$ cat my_file.tsv   # TSV, C-alpha atoms and all ligand atoms
chain	number	residue	atom	x	y	z
A	27	MET	CA	-30.05	225.85	-31.73
A	28	GLN	CA	-26.48	226.14	-30.42
A	29	PHE	CA	-23.45	224.45	-31.95
A	30	ILE	CA	-22.11	224.12	-28.40
A	31	ASP	CA	-24.39	224.96	-25.47
A	32	LEU	CA	-22.36	226.19	-22.51
A	33	LEU	CA	-25.25	227.94	-20.78
A	34	THR	CA	-27.18	224.82	-19.73
A	35	GLN	CA	-24.01	223.41	-18.22
A	36	LYS	CA	-23.33	226.70	-16.43
A	37	GLU	CA	-26.67	226.48	-14.65
A	38	ARG	CA	-25.71	223.04	-13.24
A	39	ILE	CA	-22.49	224.30	-11.64
A	40	ARG	CA	-23.44	227.92	-10.98
A	41	ALA	CA	-24.09	227.82	-7.22
A	42	THR	CA	-20.96	225.88	-6.20
A	43	LEU	CA	-18.79	227.75	-8.70
A	44	LEU	CA	-19.89	231.11	-7.32
A	45	GLN	CA	-18.89	229.93	-3.84
A	46	ARG	CA	-15.45	228.97	-5.11
A	47	ILE	CA	-15.07	232.27	-6.96
A	48	GLU	CA	-16.04	234.21	-3.86
A	49	GLY	CA	-13.40	232.28	-1.91
A	50	ILE	CA	-10.74	233.31	-4.44
A	51	LEU	CA	-11.86	236.95	-4.42
A	52	ASP	CA	-11.62	236.98	-0.62
A	53	SER	CA	-8.23	235.23	-0.53
A	54	GLY	CA	-6.66	237.43	-3.21
A	55	GLN	CA	-4.66	234.42	-4.47
A	56	PHE	CA	-5.41	234.97	-8.14
A	57	ILE	CA	-2.21	233.40	-9.46
A	58	MET	CA	-1.13	229.86	-8.48
A	59	GLY	CA	-3.68	229.69	-5.69
A	60	PRO	CA	-4.65	226.41	-3.95
A	61	GLU	CA	-7.27	225.71	-6.69
A	62	VAL	CA	-4.42	225.26	-9.18
A	63	THR	CA	-2.68	222.65	-7.01
A	64	GLU	CA	-5.98	220.87	-6.31
A	65	LEU	CA	-6.84	220.82	-10.00
A	66	GLU	CA	-3.41	219.47	-11.01
A	67	SER	CA	-3.70	216.66	-8.51
A	68	LYS	CA	-7.24	215.72	-9.64
A	69	LEU	CA	-6.36	215.90	-13.33
A	70	ALA	CA	-3.23	213.78	-12.89
A	71	THR	CA	-5.32	211.12	-11.14
A	72	TYR	CA	-8.02	211.31	-13.80
A	73	VAL	CA	-5.57	210.86	-16.67
A	74	GLY	CA	-3.40	208.34	-14.81
A	75	SER	CA	-0.16	210.34	-15.08
A	76	ARG	CA	2.36	211.03	-12.33
A	77	HIS	CA	2.36	214.77	-13.06
A	78	CYS	CA	-0.02	217.41	-14.36
A	79	ILE	CA	1.33	220.86	-15.10
A	80	SER	CA	-1.54	223.27	-15.73
A	81	CYS	CA	-0.85	226.18	-18.06
A	82	SER	CA	-2.35	229.12	-19.90
A	83	SER	CA	-3.59	227.40	-23.09
A	84	GLY	CA	-3.43	224.26	-25.18
A	85	THR	CA	-0.95	226.05	-27.42
A	86	ASP	CA	1.42	226.67	-24.50
A	87	ALA	CA	0.88	223.07	-23.39
A	88	LEU	CA	2.37	222.04	-26.76
A	89	LEU	CA	5.06	224.73	-26.80
A	90	MET	CA	6.48	224.13	-23.33
A	91	PRO	CA	7.56	220.49	-23.84
A	92	LEU	CA	9.30	221.48	-27.10
A	93	LEU	CA	11.17	224.22	-25.20
A	94	ALA	CA	11.98	221.80	-22.37
A	95	LYS	CA	13.46	219.26	-24.79
A	96	GLY	CA	15.52	221.93	-26.58
A	97	ILE	CA	13.87	221.40	-29.95
A	98	GLY	CA	15.12	224.00	-32.44
A	99	ALA	CA	16.69	224.80	-35.81
A	100	GLY	CA	17.48	221.77	-37.94
A	101	ASP	CA	15.12	219.48	-36.03
A	102	ALA	CA	12.18	217.78	-37.73
A	103	VAL	CA	8.95	217.37	-35.79
A	104	PHE	CA	6.30	215.18	-37.43
A	105	THR	CA	2.59	215.88	-37.32
A	106	THR	CA	-0.44	215.95	-39.60
A	107	PRO	CA	-1.66	218.74	-41.88
A	108	PHE	CA	-5.27	217.98	-40.88
A	109	THR	CA	-5.38	219.72	-37.51
A	110	PHE	CA	-5.82	223.09	-35.85
A	111	VAL	CA	-2.91	225.37	-36.69
A	112	ALA	CA	-1.52	225.42	-33.12
A	113	THR	CA	-0.10	221.89	-33.52
A	114	ALA	CA	2.28	222.98	-36.27
A	115	GLU	CA	2.68	226.58	-35.12
A	116	VAL	CA	4.55	225.61	-31.95
A	117	ILE	CA	7.06	223.62	-34.02
A	118	SER	CA	7.77	226.71	-36.12
A	119	LEU	CA	7.87	228.95	-33.04
A	120	VAL	CA	10.83	227.03	-31.59
A	121	GLY	CA	12.60	227.24	-34.96
A	122	ALA	CA	12.18	223.58	-35.92
A	123	THR	CA	10.64	222.27	-39.15
A	124	PRO	CA	7.13	220.81	-39.18
A	125	VAL	CA	7.10	217.70	-41.36
A	126	PHE	CA	3.59	216.69	-42.32
A	127	VAL	CA	2.34	213.13	-42.61
A	128	ASP	CA	-1.07	212.38	-44.12
A	129	VAL	CA	-3.95	211.02	-42.04
A	130	CYS	CA	-5.96	207.79	-42.20
A	131	PRO	CA	-9.18	208.25	-44.20
A	132	ASP	CA	-11.37	206.63	-41.52
A	133	THR	CA	-10.00	207.97	-38.21
A	134	PHE	CA	-8.55	211.27	-39.50
A	135	ASN	CA	-5.49	210.61	-37.31
A	136	ILE	CA	-1.86	210.35	-38.43
A	137	ASN	CA	-1.19	207.34	-40.65
A	138	PRO	CA	1.63	205.27	-39.06
A	139	VAL	CA	2.34	203.55	-42.38
A	140	LEU	CA	3.31	206.88	-43.95
A	141	LEU	CA	5.33	208.05	-40.96
A	142	ALA	CA	8.37	205.85	-41.57
A	143	HIS	CA	8.66	207.13	-45.12
A	144	ALA	CA	8.37	210.77	-43.95
A	145	ILE	CA	11.15	210.21	-41.40
A	146	ASP	CA	13.48	208.76	-44.05
A	147	GLU	CA	12.72	211.67	-46.36
A	148	ALA	CA	13.40	214.22	-43.61
A	149	VAL	CA	16.83	212.65	-43.02
A	150	GLN	CA	17.58	212.87	-46.76
A	151	ARG	CA	16.70	216.57	-46.57
A	152	GLY	CA	19.34	217.01	-43.86
A	153	LEU	CA	16.91	217.38	-40.96
A	154	LYS	CA	17.30	215.67	-37.59
A	155	PRO	CA	14.13	213.71	-36.70
A	156	LYS	CA	13.40	214.49	-33.05
A	157	ALA	CA	9.75	214.35	-32.09
A	158	LEU	CA	6.29	213.28	-33.17
A	159	ILE	CA	3.07	215.14	-32.34
A	160	PRO	CA	0.11	212.86	-33.09
A	161	VAL	CA	-3.23	214.68	-32.82
A	162	ASP	CA	-6.24	212.93	-31.24
A	163	LEU	CA	-8.57	214.53	-33.74
A	164	PHE	CA	-12.13	215.38	-32.73
A	165	GLY	CA	-11.55	213.45	-29.47
A	166	LEU	CA	-10.34	210.09	-30.81
A	167	PRO	CA	-6.87	209.01	-29.63
A	168	ALA	CA	-4.35	208.20	-32.38
A	169	ASP	CA	-2.95	204.69	-32.96
A	170	TYR	CA	-0.41	204.79	-30.11
A	171	ASP	CA	0.59	201.12	-30.32
A	172	ARG	CA	1.96	201.49	-33.81
A	173	LEU	CA	3.22	205.03	-33.23
A	174	ASP	CA	5.16	203.96	-30.11
A	175	THR	CA	6.84	201.15	-32.01
A	176	LEU	CA	7.90	203.51	-34.80
A	177	ALA	CA	8.97	206.23	-32.38
A	178	LYS	CA	11.21	203.74	-30.56
A	179	ALA	CA	12.73	202.48	-33.81
A	180	TYR	CA	13.54	206.02	-34.96
A	181	LYS	CA	14.40	207.43	-31.48
A	182	LEU	CA	11.65	210.04	-31.57
A	183	TRP	CA	9.80	211.19	-28.46
A	184	ILE	CA	6.05	211.60	-28.60
A	185	LEU	CA	4.07	214.68	-27.57
A	186	GLU	CA	0.40	213.76	-27.68
A	187	ASP	CA	-1.83	216.62	-28.87
A	188	ALA	CA	-4.80	215.77	-26.67
A	189	ALA	CA	-6.32	219.26	-26.99
A	190	GLN	CA	-9.56	217.73	-28.25
A	191	SER	CA	-9.46	214.34	-26.56
A	192	PHE	CA	-9.46	214.94	-22.81
A	193	GLY	CA	-11.79	212.20	-21.53
A	194	GLY	CA	-11.15	209.90	-24.50
A	195	SER	CA	-9.27	206.64	-24.05
A	196	TYR	CA	-7.57	203.76	-25.80
A	197	SER	CA	-6.95	200.31	-24.39
A	198	GLY	CA	-7.86	201.42	-20.88
A	199	ARG	CA	-5.52	204.44	-20.95
A	200	ARG	CA	-6.86	207.97	-20.90
A	201	ALA	CA	-5.96	210.57	-23.50
A	202	GLY	CA	-3.15	212.81	-22.29
A	203	SER	CA	-1.21	209.84	-20.91
A	204	PHE	CA	0.35	208.69	-24.20
A	205	GLY	CA	3.94	209.45	-25.18
A	206	LEU	CA	6.54	211.28	-23.11
A	207	ALA	CA	4.01	214.08	-22.55
A	208	GLY	CA	0.43	214.84	-23.43
A	209	ALA	CA	-0.94	218.36	-23.97
A	210	THR	CA	-4.57	219.33	-23.58
A	211	SER	CA	-6.65	222.49	-23.98
A	212	PHE	CA	-9.36	223.92	-21.74
A	213	PHE	CA	-10.59	226.40	-24.37
A	214	PRO	CA	-14.32	226.86	-23.56
A	215	ALA	CA	-15.51	224.73	-26.51
A	216	LYS	CA	-13.35	221.73	-25.59
A	217	PRO	CA	-14.90	218.66	-23.85
A	218	LEU	CA	-13.52	220.00	-20.55
A	219	GLY	CA	-13.39	223.76	-20.99
A	220	CYS	CA	-12.91	226.72	-18.67
A	221	TYR	CA	-14.28	230.28	-18.98
A	222	GLY	CA	-11.24	231.64	-20.79
A	223	ASP	CA	-7.98	230.10	-21.98
A	224	GLY	CA	-6.30	227.21	-20.21
A	225	GLY	CA	-4.39	224.00	-20.79
A	226	ALA	CA	-2.40	221.24	-19.12
A	227	ILE	CA	0.54	218.93	-19.74
A	228	PHE	CA	0.72	215.37	-18.41
A	229	THR	CA	3.88	213.35	-17.96
A	230	ASP	CA	5.35	210.52	-15.90
A	231	ASP	CA	8.86	211.96	-16.31
A	232	ASP	CA	10.04	213.68	-13.09
A	233	GLU	CA	12.78	215.66	-14.79
A	234	LEU	CA	10.46	216.93	-17.52
A	235	ASP	CA	7.92	217.87	-14.86
A	236	SER	CA	10.38	220.14	-13.04
A	237	LEU	CA	11.64	221.67	-16.31
A	238	LEU	CA	8.04	222.44	-17.36
A	239	ARG	CA	7.26	224.04	-13.99
A	240	SER	CA	10.32	226.27	-14.44
A	241	ILE	CA	9.48	227.15	-18.07
A	242	ARG	CA	5.91	227.98	-17.03
A	243	VAL	CA	7.26	230.85	-14.88
A	244	HIS	CA	9.91	232.49	-17.08
A	245	GLY	CA	12.45	229.72	-16.58
A	246	SER	CA	12.54	230.33	-12.83
A	247	GLY	CA	15.15	228.73	-10.59
A	248	VAL	CA	14.89	228.71	-6.80
A	249	ASP	CA	12.45	231.65	-7.06
A	250	LYS	CA	10.90	233.61	-9.89
A	251	TYR	CA	13.65	236.25	-9.81
A	252	SER	CA	16.37	233.72	-10.49
A	253	ASN	CA	16.13	232.56	-14.08
A	254	ASP	CA	17.80	229.31	-15.09
A	255	ARG	CA	16.49	229.07	-18.65
A	256	ILE	CA	14.29	230.80	-21.21
A	257	GLY	CA	10.66	230.35	-20.34
A	258	ILE	CA	7.28	232.02	-20.75
A	259	ASN	CA	4.41	233.30	-18.65
A	260	GLY	CA	2.40	230.11	-19.00
A	261	ARG	CA	0.38	229.90	-15.79
A	262	LEU	CA	-3.28	228.95	-15.42
A	263	ASP	CA	-5.07	231.38	-13.10
A	264	SER	CA	-6.93	230.37	-9.95
A	265	LEU	CA	-10.37	231.41	-11.29
A	266	GLN	CA	-10.02	229.13	-14.33
A	267	ALA	CA	-8.83	226.29	-12.08
A	268	ALA	CA	-11.99	226.77	-9.98
A	269	VAL	CA	-14.17	226.54	-13.11
A	270	LEU	CA	-12.42	223.33	-14.15
A	271	LEU	CA	-12.74	221.80	-10.68
A	272	GLU	CA	-16.50	222.33	-10.77
A	273	LYS	CA	-16.85	221.07	-14.33
A	274	LEU	CA	-14.81	217.99	-13.48
A	275	THR	CA	-17.53	216.89	-11.02
A	276	ILE	CA	-20.00	216.40	-13.90
A	277	PHE	CA	-17.51	215.52	-16.62
A	278	ASP	CA	-17.99	211.73	-16.73
A	279	GLU	CA	-21.74	212.16	-16.97
A	280	GLU	CA	-21.21	214.61	-19.82
A	281	LEU	CA	-18.91	212.19	-21.63
A	282	ASP	CA	-21.62	209.52	-21.46
A	283	ALA	CA	-24.13	212.00	-22.85
A	284	ARG	CA	-21.77	212.87	-25.73
A	285	GLN	CA	-21.43	209.14	-26.51
A	286	ARG	CA	-25.21	208.68	-26.52
A	287	ILE	CA	-25.63	211.66	-28.84
A	288	ALA	CA	-22.92	210.41	-31.21
A	289	ASP	CA	-24.59	206.96	-31.30
A	290	SER	CA	-27.93	208.56	-31.98
A	291	TYR	CA	-26.55	210.64	-34.88
A	292	SER	CA	-24.71	207.66	-36.37
A	293	LYS	CA	-27.74	205.37	-36.18
A	294	ARG	CA	-29.78	207.85	-38.20
A	295	LEU	CA	-27.15	209.10	-40.64
A	296	GLU	CA	-25.27	205.90	-41.51
A	297	GLY	CA	-25.77	205.04	-45.17
A	298	ARG	CA	-26.58	208.65	-46.08
A	299	LEU	CA	-23.26	210.21	-45.01
A	300	VAL	CA	-19.93	208.78	-43.88
A	301	VAL	CA	-20.23	208.79	-40.08
A	302	PRO	CA	-17.26	208.69	-37.65
A	303	ARG	CA	-15.66	205.28	-37.11
A	304	ILE	CA	-14.37	204.54	-33.62
A	305	PRO	CA	-12.10	201.46	-33.77
A	306	ALA	CA	-12.49	198.70	-31.16
A	307	GLY	CA	-10.86	199.53	-27.84
A	308	TYR	CA	-11.11	203.29	-28.35
A	309	ARG	CA	-13.37	205.84	-26.75
A	310	SER	CA	-13.75	209.33	-28.22
A	311	ALA	CA	-14.32	212.44	-26.10
A	312	TRP	CA	-16.50	213.67	-28.99
A	313	ALA	CA	-15.12	217.19	-29.13
A	314	GLN	CA	-16.71	217.23	-32.59
A	315	TYR	CA	-19.11	215.00	-34.46
A	316	SER	CA	-17.93	215.32	-38.08
A	317	VAL	CA	-19.42	213.60	-41.12
A	318	LEU	CA	-18.36	213.36	-44.76
A	319	ALA	CA	-20.53	214.30	-47.73
A	320	SER	CA	-19.86	212.64	-51.08
A	321	SER	CA	-18.53	215.89	-52.63
A	322	MET	CA	-17.88	219.54	-51.86
A	323	GLU	CA	-21.07	220.46	-53.74
A	324	GLU	CA	-23.13	218.12	-51.62
A	325	ARG	CA	-21.53	219.47	-48.43
A	326	ASP	CA	-22.40	223.02	-49.46
A	327	GLN	CA	-26.01	222.02	-50.18
A	328	LEU	CA	-26.38	220.22	-46.86
A	329	MET	CA	-24.80	223.04	-44.86
A	330	GLN	CA	-27.08	225.55	-46.60
A	331	ALA	CA	-30.13	223.41	-45.83
A	332	LEU	CA	-29.07	223.29	-42.17
A	333	GLN	CA	-28.53	227.04	-42.12
A	334	LYS	CA	-32.03	227.59	-43.56
A	335	ALA	CA	-33.40	225.54	-40.67
A	336	ALA	CA	-31.38	227.71	-38.21
A	337	ILE	CA	-29.06	224.78	-37.41
A	338	PRO	CA	-25.37	225.71	-37.09
A	339	SER	CA	-22.64	223.55	-38.66
A	340	MET	CA	-18.90	224.10	-39.02
A	341	ILE	CA	-15.98	222.89	-41.13
A	342	TYR	CA	-12.92	221.52	-39.36
A	343	TYR	CA	-10.64	221.95	-41.32
A	344	LYS	CA	-11.35	223.74	-44.56
A	345	ILE	CA	-7.71	224.17	-45.57
A	346	SER	CA	-5.02	221.60	-44.76
A	347	LEU	CA	-2.07	223.25	-43.04
A	348	HIS	CA	0.39	222.49	-45.87
A	349	LEU	CA	-1.74	224.74	-48.13
A	350	GLN	CA	-1.99	227.63	-45.65
A	351	LYS	CA	-0.11	230.81	-46.56
A	352	ALA	CA	1.74	230.72	-43.23
A	353	TYR	CA	3.41	227.45	-44.32
A	354	ASN	CA	4.33	228.46	-47.89
A	355	ASN	CA	7.96	228.39	-46.79
A	356	LEU	CA	7.80	224.63	-46.21
A	357	GLY	CA	7.49	224.07	-49.97
A	358	TYR	CA	4.46	221.78	-50.00
A	359	LYS	CA	1.93	221.86	-52.84
A	360	ALA	CA	-1.63	220.72	-53.57
A	361	GLY	CA	-1.69	216.95	-53.98
A	362	ASP	CA	1.03	216.27	-51.38
A	363	PHE	CA	-1.47	215.00	-48.78
A	364	PRO	CA	-4.42	213.63	-50.74
A	365	VAL	CA	-6.39	212.24	-47.80
A	366	SER	CA	-6.25	215.50	-45.83
A	367	GLU	CA	-7.14	217.50	-48.93
A	368	ASP	CA	-10.07	215.21	-49.75
A	369	LEU	CA	-11.37	215.45	-46.16
A	370	SER	CA	-11.09	219.26	-46.22
A	371	GLY	CA	-13.38	219.32	-49.23
A	372	ARG	CA	-16.12	217.05	-47.82
A	373	ILE	CA	-16.14	217.22	-44.04
A	374	PHE	CA	-18.54	219.15	-41.81
A	375	ALA	CA	-19.35	219.09	-38.11
A	376	LEU	CA	-22.82	218.96	-36.54
A	377	PRO	CA	-23.88	220.46	-33.20
A	378	MET	CA	-22.28	218.42	-30.39
A	379	HIS	CA	-22.56	219.03	-26.67
A	380	PRO	CA	-23.88	216.98	-23.72
A	381	TYR	CA	-27.17	218.88	-23.55
A	382	LEU	CA	-28.31	218.30	-27.15
A	383	LYS	CA	-31.85	216.94	-27.01
A	384	GLU	CA	-33.19	213.93	-28.89
A	385	GLU	CA	-35.74	216.22	-30.63
A	386	GLU	CA	-32.89	218.44	-31.81
A	387	ILE	CA	-31.01	215.42	-33.18
A	388	ASP	CA	-34.22	214.41	-34.97
A	389	GLN	CA	-34.55	217.89	-36.43
A	390	ILE	CA	-30.92	217.99	-37.62
A	391	CYS	CA	-31.09	214.51	-39.13
A	392	SER	CA	-34.38	215.13	-40.87
A	393	VAL	CA	-32.78	218.07	-42.73
A	394	LEU	CA	-29.79	215.91	-43.71
A	395	LEU	CA	-31.96	212.96	-44.76
A	396	ALA	CA	-34.51	215.01	-46.74
B	401	LIG	C1	-5.74	219.99	-32.07
B	401	LIG	C2	-5.52	221.24	-31.28
B	401	LIG	N1	-4.28	221.52	-30.85
B	401	LIG	C3	-4.02	222.62	-30.12
B	401	LIG	C4	-5.01	223.53	-29.80
B	401	LIG	C5	-4.67	224.76	-29.06
B	401	LIG	O1	-5.38	224.96	-27.88
B	401	LIG	P1	-5.68	226.42	-27.32
B	401	LIG	O2	-6.72	227.04	-28.18
B	401	LIG	O3	-6.16	226.18	-25.93
B	401	LIG	O4	-4.41	227.18	-27.35
B	401	LIG	C6	-6.32	223.27	-30.22
B	401	LIG	C7	-7.41	224.19	-29.85
B	401	LIG	O5	-8.25	224.59	-30.58
B	401	LIG	C8	-6.58	222.10	-30.99
B	401	LIG	O6	-7.82	221.82	-31.42
$ encode --input "my_file.tsv" --output "structure tokens" --more "lines below"
Ligand SMILES: Cc1ncc(COP(=O)(O)O)c(C=O)c1O
Amino acid sequence: MQFIDLLTQKERIRATLLQRIEGILDSGQFIMGPEVTELESKLATYVGSRHCISCSSGTDALLMPLLAKGIGAGDAVFTTPFTFVATAEVISLVGATPVFVDVCPDTFNINPVLLAHAIDEAVQRGLKPKALIPVDLFGLPADYDRLDTLAKAYKLWILEDAAQSFGGSYSGRRAGSFGLAGATSFFPAKPLGCYGDGGAIFTDDDELDSLLRSIRVHGSGVDKYSNDRIGINGRLDSLQAAVLLEKLTIFDEELDARQRIADSYSKRLEGRLVVPRIPAGYRSAWAQYSVLASSMEERDQLMQALQKAAIPSMIYYKISLHLQKAYNNLGYKAGDFPVSEDLSGRIFALPMHPYLKEEEIDQICSVLLA
């Protein structure tokens, strides 16, 4: 059994994708070819944003808006410690200080109630609160109503980390469209993934859009040999854009399948394990289906039982970022973020992809319910 099955999906798109790839090979337009423009237009429409700026990874999709907004030394950027390292890494890369805020125990997303306190504390430490990066963990958008209100009150701008949530929605709005900008990832294992690295930024802000397009190509001005600012090589290549265009044609169907699979898991596992809670009005993209055991010991036993039955499972995230060696310099200690630390000790993710069969779900659940 696969944790994520990309091969079944590949068979569905193989013929049309090969045609597209052949077209690119014949045209020789490997960088910024017409597929990139077509993809950006389709993704912007899908998300409901004025602009989509494709780029080389989800990490660069987070980094580029921070560069565009001039975030740097002395600035505080708020996010959670219960996320993939890239969310905090980009804050450090631009020289700013990541300030962690604990997550809600049921949604695993940033807790708005704790945010206000963290902002006040950052000011007392002499930092300038500038931005907030909520993470839509495992595919579920964060609580943007409350986050927007707080962000306005404290004059922060929001960069949505939608790396895992492309396809998810809240209150009729698609993930990627929240905040000043939304950043997503097309890493192969993501709900919409390419065959390599890729990412995209969404924004309604015209000025930010043109800054991001410049930063994506070494801070280019009128052409790429006139450089107006410091940028990066952050382009998505034409072949990856072609993969994404083909996958987009079956994406909504795949999202429905993910939802059916999540419902099927939850129906069987509820009462035995803590299953994901999706609040009213939200839709998850189900990048992961993660459950909570009652203790670390029980998680280890269950994961071992799954392994014995040749069923893969994973832990996202085993160590909260504030306890990672790379963030020792921030001065956090065990106990600072009790919800994140508790989740790290009990959480584990089950196989999740649109082609998971009902018999496989039965098999997985029977091991967990034994
Ligand atoms: C929450 C989150 N943010 C950012 C990233 C970074 O994306 P990428 O791997 O495409 O650079 C990931 C990818 O794993 C992620 O899960």
$ residues_near_ligand --input "my_file.tsv" --ligand "ligand LIG 401 (chain B)" --cutoff "7 Å" --atoms "all atoms listed in the file" --output "number ranges by chain"
A: 83-86, 109-110, 112-113, 161, 163, 187-190, 211-213, 223-225
$ closest_residue --input "my_file.tsv" --among "A:Glu272, A:Asp132, A:Asp101, A:Asp230" --to "Ile117 in chain A" --atoms "only C-alpha atoms"
A:Asp101
$ closest_residue --input "my_file.tsv" --among "A:Val317, A:Val111, A:Ala360, A:Leu88" --to "Pro377 in chain A" --atoms "only C-alpha atoms"
A:Val317
$ closest_residue --input "my_file.tsv" --among "A:Phe104, A:Tyr308, A:Phe164, A:Tyr170" --to "Ser203 in chain A" --atoms "all atoms listed in the file"
A:Tyr170
$ residues_around --input "my_file.tsv" --residues "Leu237 in chain A" --least-positions-apart "6" --cutoff "10 Å" --atoms "all atoms listed in the file" --output "number ranges by chain"
A: 90-91, 93-95, 245-247, 254-255, 257
$ residues_around --input "my_file.tsv" --residues "range 181-186 of chain A" --least-positions-apart "4" --cutoff "7 Å" --atoms "all atoms listed in the file" --output "list in words"
Pro155, Lys156, Ala157, Leu158, Ile159, Pro160, Val161, Ala177, Gly202, Phe204, Gly205, Leu206, Ala207, Gly208 and Ala209 of chain A
$ atom_distance --input "my_file.tsv" --atom1 "CA of Ser346 in chain A" --atom2 "CA of Lys154 in chain A"
24.2 Å
$ residues_around --input "my_file.tsv" --residues "range 58-74 of chain A" --least-positions-apart "6" --cutoff "9 Å" --atoms "all atoms listed in the file" --output "ChimeraX atom specification"
/A:46,50,80,192-193,199-203,226,228-229,261-268,270-271,274
$ residues_around --input "my_file.tsv" --residues "Ala122 in chain A" --least-positions-apart "5" --cutoff "8 Å" --atoms "all atoms listed in the file" --output "MDAnalysis selection string"
chainID A and resid 97:103 117
$ write_last_selection --input "my_file.tsv" --atoms "C-alpha atoms" --output "short mmCIF file (atom, residue, chain, number, x, y, z; two decimals), keeping the file's coordinate frame"
data_model
loop_
_atom_site.label_atom_id
_atom_site.label_comp_id
_atom_site.auth_asym_id
_atom_site.auth_seq_id
_atom_site.Cartn_x
_atom_site.Cartn_y
_atom_site.Cartn_z
CA ILE A 97 13.87 221.40 -29.95
CA GLY A 98 15.12 224.00 -32.44
CA ALA A 99 16.69 224.80 -35.81
CA GLY A 100 17.48 221.77 -37.94
CA ASP A 101 15.12 219.48 -36.03
CA ALA A 102 12.18 217.78 -37.73
CA VAL A 103 8.95 217.37 -35.79
CA ILE A 117 7.06 223.62 -34.02
#
$ atom_distance --input "my_file.tsv" --atom1 "CA of Leu119 in chain A" --atom2 "CA of Asp171 in chain A"
28.9 Å
$ residues_around --input "my_file.tsv" --residues "Val129 in chain A" --least-positions-apart "4" --cutoff "7 Å" --atoms "all atoms listed in the file" --output "JSON, numbers by chain"
{"A": [106, 134, 135, 136, 137, 365, 366]}
$ decode --input "my_file.tsv" --residues "range 79-94 of chain A" --atoms "N, CA and C atoms" --output "PDB file, in the first residue's frame"
ATOM      1  N   ILE A  79       1.284  34.329  -9.411  1.00  0.00           N
ATOM      2  CA  ILE A  79       2.695  34.381  -9.818  1.00  0.00           C
ATOM      3  C   ILE A  79       3.264  32.997  -9.522  1.00  0.00           C
ATOM      4  N   SER A  80       3.488  32.202 -10.558  1.00  0.00           N
ATOM      5  CA  SER A  80       4.036  30.861 -10.319  1.00  0.00           C
ATOM      6  C   SER A  80       5.505  31.006  -9.934  1.00  0.00           C
ATOM      7  N   CYS A  81       6.029  30.022  -9.229  1.00  0.00           N
ATOM      8  CA  CYS A  81       7.433  30.104  -8.817  1.00  0.00           C
ATOM      9  C   CYS A  81       7.993  28.703  -8.551  1.00  0.00           C
ATOM     10  N   SER A  82       9.251  28.681  -8.110  1.00  0.00           N
ATOM     11  CA  SER A  82      10.001  27.417  -8.118  1.00  0.00           C
ATOM     12  C   SER A  82       9.702  26.482  -6.958  1.00  0.00           C
ATOM     13  N   SER A  83       9.049  26.933  -5.909  1.00  0.00           N
ATOM     14  CA  SER A  83       8.695  26.043  -4.786  1.00  0.00           C
ATOM     15  C   SER A  83       7.744  26.781  -3.849  1.00  0.00           C
ATOM     16  N   GLY A  84       7.172  26.027  -2.928  1.00  0.00           N
ATOM     17  CA  GLY A  84       6.337  26.648  -1.906  1.00  0.00           C
ATOM     18  C   GLY A  84       7.178  27.514  -0.978  1.00  0.00           C
ATOM     19  N   THR A  85       8.414  27.115  -0.786  1.00  0.00           N
ATOM     20  CA  THR A  85       9.309  27.899   0.084  1.00  0.00           C
ATOM     21  C   THR A  85       9.561  29.270  -0.547  1.00  0.00           C
ATOM     22  N   ASP A  86       9.864  29.290  -1.859  1.00  0.00           N
ATOM     23  CA  ASP A  86      10.068  30.587  -2.523  1.00  0.00           C
ATOM     24  C   ASP A  86       8.770  31.394  -2.567  1.00  0.00           C
ATOM     25  N   ALA A  87       7.636  30.700  -2.633  1.00  0.00           N
ATOM     26  CA  ALA A  87       6.348  31.408  -2.636  1.00  0.00           C
ATOM     27  C   ALA A  87       6.138  32.144  -1.308  1.00  0.00           C
ATOM     28  N   LEU A  88       6.732  31.630  -0.236  1.00  0.00           N
ATOM     29  CA  LEU A  88       6.656  32.317   1.063  1.00  0.00           C
ATOM     30  C   LEU A  88       7.743  33.401   1.167  1.00  0.00           C
ATOM     31  N   LEU A  89       8.909  33.083   0.622  1.00  0.00           N
ATOM     32  CA  LEU A  89      10.048  34.006   0.734  1.00  0.00           C
ATOM     33  C   LEU A  89       9.835  35.294  -0.069  1.00  0.00           C
ATOM     34  N   MET A  90       9.319  35.144  -1.278  1.00  0.00           N
ATOM     35  CA  MET A  90       9.247  36.302  -2.180  1.00  0.00           C
ATOM     36  C   MET A  90       8.359  37.442  -1.649  1.00  0.00           C
ATOM     37  N   PRO A  91       7.181  37.152  -1.078  1.00  0.00           N
ATOM     38  CA  PRO A  91       6.404  38.265  -0.520  1.00  0.00           C
ATOM     39  C   PRO A  91       7.121  38.961   0.654  1.00  0.00           C
ATOM     40  N   LEU A  92       7.881  38.203   1.445  1.00  0.00           N
ATOM     41  CA  LEU A  92       8.621  38.829   2.547  1.00  0.00           C
ATOM     42  C   LEU A  92       9.691  39.767   1.982  1.00  0.00           C
ATOM     43  N   LEU A  93      10.356  39.330   0.904  1.00  0.00           N
ATOM     44  CA  LEU A  93      11.353  40.194   0.248  1.00  0.00           C
ATOM     45  C   LEU A  93      10.661  41.430  -0.332  1.00  0.00           C
ATOM     46  N   ALA A  94       9.527  41.199  -0.973  1.00  0.00           N
ATOM     47  CA  ALA A  94       8.805  42.305  -1.637  1.00  0.00           C
ATOM     48  C   ALA A  94       8.380  43.370  -0.626  1.00  0.00           C
TER      49      ALA A  94
END
